[in-house]
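Asker: Let me begin by handing over the structure; questions about it come next.
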Amino acid sequence: MKTTPLPPCREAEGRDELFVSTRWTRVLEACDSAASAHALSALSELCQIYWRPLYLFLRSSKGYGHEDAQDLTQAFFAHLIEKRGYAHADREKGRFRAFLLAALKNFIADARDHERALKRGGGMILEKLDDKAEAQIAQPAKWQADEVYDREWAVSLVRQALDRLAQECALAGKAELFDCLMPRLAVTEESAVPYEEMARRSHLAVTTLRHELARLRARYRAILRDEVRGTVREPGEVDEELRYLCQALTAG
């Protein structure tokens, strides 16, 4: 059964009435001035969330082993934050996704001295990748490295959105309901667990499950949209980025 969470591939559900300052826009706003604590905090948070796509890019495109790729990723983030590398972001192409990959490629090109690059540092402890992600690296490559990066970026966005949704449900006392409905959020309709079976497991009526699932899906789409909004510069880029990342997911 395919369990890749489904992105909101439908057209945008309404425009943003107010494009408030997000993590990436806060970073860009600091480019022309002294780095603010808020900007550095926002950048650090983004790096913590989106380190996996860069790690997999290094593993798939450059042939680095696990430890070397992880060290390079950490060294890159430390360099980016300490040297204010974000100040070189192209303001006309404001997607954090594109900036980060270009910055990594430049970092690798400049790091001719292998020992200089491979330093565990920056205070950023990267989480262990799941076995499935490592296994995919070992498989014969069927995607270009940039495609691997984009697909993993989309997966990271989805994962972040689902984590936020799970936290919201837990705070609302609906953790068990979320666990029950999660299979319907994470698979295609054709392969989903039948409502009748879910009703037997949860002791809830089918109509209740349908209603709650519709509510969760709507909230999930809103959260995912908010996550994307936090990685682009202009509100008009959100819909285009969502469509692109949807394509990156389905291509896999």
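Scheme for the structure tokens: letters A, B, ... for chains in order shown; per-chain residue numbers from 1; ligand numbers from 1 in order shown.
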Quick one: everything within 9 Å of Glu234 of chain A, counting only C-alpha atoms, minus sequence neighbours fewer than 5 positions away in the same chain. Send it as a list in words.
Answerer: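 Counting only the stated atoms, we get Phe19, Thr25, Gly94, Arg95 and Arg229 of chain A.
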Asker: Considering only C-alpha atoms, return as a ChimeraX atom specification whatever protein or nucleic-acid residues lie within 10 Å of Ala251 of chain A, sequence-local ones (same chain, fewer than 3 positions apart) excluded.
Answerer: /A:143,147,151,245-248
Asker: So, with only C-alpha atoms as the atoms that count, which of A:Ser44, A:Ser60, A:Thr231, A:Gln74 lies closest to Trp153 of chain A?
Answerer: A:Thr231
